[in-house]
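Trainee: Take a look at this one; I'll ask things after.
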Amino acid sequence: MFAVPQRKAAARTEVKVYLYHEQGEYIDIAPVMRSVSATAPARPAIEALLKGPTAAERQKGFGPLVSASEFRIGSLSIRGGTARVNFISKRSWAGWPGDVAPVRFKTAVELTLKQFPSVWRVIVSLNGDPKFYDERG
């Protein structure tokens, strides 16, 4: 008989993912915890942000970030302390509904990525545009 090699379970880590919450800490957003790959946690953390809350989190008052389900990660890199993430919108996306939605989305992405020790600065772009909303707002 041959022994079947056992695969080790991939190492996991708990990360914060910031979602909409009326009683949030930052512009109506607050963290929830997600278990992601410990090897490269940034991408799955942002993917969890785009996916939104679980049913249990919805019962606790968490909701998805406006428009997040309309986006996918086009690129994500971390170099020299700077994380650059470019989101690609679906063709059906109609734009931001209001002034606070893009600020809330950008802040949630920044907080989610800045929890990692290798990230000090975050540059968020949408369809290649880093000024996808009016920053004076």
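Letters for chains follow the order of the structure tokens (A, B, ...), residue numbers begin at 1 for each chain, and ligand numbers begin at 1 in the order shown.
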Which residues are near Glu22 of chain A? Cut-off 12 Å, only C-alpha atoms, ignore same chain within fewer than 3 positions. Put them as a list in words.
Mentor: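 The residues that qualify are Leu19, Glu25, Tyr26, Ile27, Asp28, Ile29, Ala30, Arg58, Lys60, Gly61, Phe62, Gly63, Pro64, Leu65 and Arg104 of chain A.
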Trainee: Skip segment 11-16 of chain A itself and residues of its chain fewer than 3 positions away, then list as a JSON list (two decimals) with C-alpha atoms, in the first residue's frame all residues within 6 Å of it, counting only C-alpha atoms.
Mentor:
```json
[["chain", "number", "residue", "atom", "x", "y", "z"],
["A", 31, "PRO", "CA", -15.03, 46.46, 10.91],
["A", 32, "VAL", "CA", -16.15, 42.86, 10.73],
["A", 33, "MET", "CA", -13.76, 39.95, 10.89],
["A", 34, "ARG", "CA", -12.95, 37.56, 8.04],
["A", 35, "SER", "CA", -10.67, 34.53, 7.88],
["A", 36, "VAL", "CA", -8.39, 34.77, 4.84],
["A", 37, "SER", "CA", -5.15, 33.29, 3.54],
["A", 38, "ALA", "CA", -2.23, 34.31, 5.75]]
```
Trainee: Show me a table, sorted first by chain and then by increasing residue number, of the residues of segment 94-132 of chain A having an atom at most 8 Å from segment 70-87 of chain A, each with its shortest atom pair and the distance in Å to one decimal, counting only C-alpha atoms and written as CSV.
Mentor:
```
residue,atom,partner,partner_atom,distance
A:Leu113,CA,A:Ala83,CA,7.4
A:Ser118,CA,A:Gly81,CA,5.3
A:Val119,CA,A:Gly81,CA,4.6
A:Trp120,CA,A:Gly81,CA,5.1
A:Arg121,CA,A:Thr82,CA,4.7
A:Val122,CA,A:Ala83,CA,4.7
A:Ile123,CA,A:Arg84,CA,4.8
A:Val124,CA,A:Val85,CA,5.2
A:Ser125,CA,A:Asn86,CA,4.6
A:Leu126,CA,A:Phe87,CA,4.7
A:Asn127,CA,A:Phe87,CA,5.9
A:Gly128,CA,A:Asn86,CA,6.2
```
Trainee: Output the selection as a PDB file, in the first residue's frame - N, CA, C and O atoms for each residue.
Mentor:
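File produced: again_20.pdb:
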```pdb
ATOM      1  N   LEU A 113      -6.999  48.030   4.016  1.00  0.00           N
ATOM      2  CA  LEU A 113      -5.619  47.778   3.592  1.00  0.00           C
ATOM      3  C   LEU A 113      -4.577  48.268   4.601  1.00  0.00           C
ATOM      4  O   LEU A 113      -3.515  47.658   4.748  1.00  0.00           O
ATOM      5  N   SER A 118       2.671  46.229   6.110  1.00  0.00           N
ATOM      6  CA  SER A 118       3.426  46.686   4.933  1.00  0.00           C
ATOM      7  C   SER A 118       2.738  47.831   4.194  1.00  0.00           C
ATOM      8  O   SER A 118       3.255  48.312   3.194  1.00  0.00           O
ATOM      9  N   VAL A 119       1.580  48.284   4.705  1.00  0.00           N
ATOM     10  CA  VAL A 119       0.822  49.345   4.016  1.00  0.00           C
ATOM     11  C   VAL A 119       0.719  50.577   4.902  1.00  0.00           C
ATOM     12  O   VAL A 119       0.164  50.521   5.996  1.00  0.00           O
ATOM     13  N   TRP A 120       1.239  51.704   4.392  1.00  0.00           N
ATOM     14  CA  TRP A 120       1.139  52.984   5.095  1.00  0.00           C
ATOM     15  C   TRP A 120       0.261  53.954   4.319  1.00  0.00           C
ATOM     16  O   TRP A 120      -0.311  54.869   4.880  1.00  0.00           O
ATOM     17  N   ARG A 121       0.219  53.766   3.018  1.00  0.00           N
ATOM     18  CA  ARG A 121      -0.510  54.685   2.134  1.00  0.00           C
ATOM     19  C   ARG A 121      -1.319  53.840   1.149  1.00  0.00           C
ATOM     20  O   ARG A 121      -0.878  52.778   0.727  1.00  0.00           O
ATOM     21  N   VAL A 122      -2.517  54.334   0.793  1.00  0.00           N
ATOM     22  CA  VAL A 122      -3.370  53.605  -0.137  1.00  0.00           C
ATOM     23  C   VAL A 122      -3.818  54.548  -1.249  1.00  0.00           C
ATOM     24  O   VAL A 122      -4.281  55.662  -0.981  1.00  0.00           O
ATOM     25  N   ILE A 123      -3.661  54.105  -2.474  1.00  0.00           N
ATOM     26  CA  ILE A 123      -4.151  54.850  -3.634  1.00  0.00           C
ATOM     27  C   ILE A 123      -5.259  54.011  -4.263  1.00  0.00           C
ATOM     28  O   ILE A 123      -5.021  52.878  -4.698  1.00  0.00           O
ATOM     29  N   VAL A 124      -6.466  54.567  -4.260  1.00  0.00           N
ATOM     30  CA  VAL A 124      -7.632  53.880  -4.794  1.00  0.00           C
ATOM     31  C   VAL A 124      -8.006  54.535  -6.110  1.00  0.00           C
ATOM     32  O   VAL A 124      -8.095  55.764  -6.192  1.00  0.00           O
ATOM     33  N   SER A 125      -8.234  53.721  -7.132  1.00  0.00           N
ATOM     34  CA  SER A 125      -8.711  54.262  -8.402  1.00  0.00           C
ATOM     35  C   SER A 125      -9.874  53.405  -8.892  1.00  0.00           C
ATOM     36  O   SER A 125     -10.035  52.257  -8.494  1.00  0.00           O
ATOM     37  N   LEU A 126     -10.660  54.011  -9.745  1.00  0.00           N
ATOM     38  CA  LEU A 126     -11.811  53.333 -10.333  1.00  0.00           C
ATOM     39  C   LEU A 126     -11.716  53.491 -11.836  1.00  0.00           C
ATOM     40  O   LEU A 126     -11.660  54.625 -12.335  1.00  0.00           O
ATOM     41  N   ASN A 127     -11.638  52.377 -12.532  1.00  0.00           N
ATOM     42  CA  ASN A 127     -11.455  52.382 -13.989  1.00  0.00           C
ATOM     43  C   ASN A 127     -10.235  53.221 -14.380  1.00  0.00           C
ATOM     44  O   ASN A 127     -10.248  53.941 -15.374  1.00  0.00           O
ATOM     45  N   GLY A 128      -9.190  53.158 -13.538  1.00  0.00           N
ATOM     46  CA  GLY A 128      -7.944  53.862 -13.808  1.00  0.00           C
ATOM     47  C   GLY A 128      -7.900  55.302 -13.351  1.00  0.00           C
ATOM     48  O   GLY A 128      -6.869  55.956 -13.458  1.00  0.00           O
TER      49      GLY A 128
END
```
Trainee: Contacts of segment 43-52 of chain A at 6 Å or less, counting only C-alpha atoms, minus same-chain residues fewer than 5 places along, as a ChimeraX atom specification?
Mentor: /A:17,64,68-69
Trainee: Considering only C-alpha atoms, state which residue in the set A:Gln115, A:Ala56, A:Val66, A:Val109 is at the smallest distance from Gly95 of chain A.
Mentor: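 Selected residue with least distance to Gly95 of chain A: A:Val66.
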Trainee: Of the candidates A:Pro53, A:Lys90, A:Ser67, A:Ala42, which shows the shortest atom-to-atom distance to Phe105 of chain A, using only C-alpha atoms?
Mentor: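 Smallest distance to Phe105 of chain A is found for A:Ser67.
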Trainee: I'd like to know which of A:Pro130, A:Pro102, A:Pro117, A:Pro97 is closest to Pro41 of chain A, using only C-alpha atoms.
Mentor: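 Smallest separation from Pro41 of chain A among the options: A:Pro117.
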Trainee: Quick one: pull the distance between atom CA of Arg91 of chain A and atom CA of Thr112 of chain A, Å, one decimal.
Mentor: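 Separation between atom CA of Arg91 of chain A and atom CA of Thr112 of chain A: 25.8 Å.
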Trainee: Write down as a count of residues only the residues of chain A whose backbone DSSP state falls under strand (DSSP E or B).
Mentor: 46
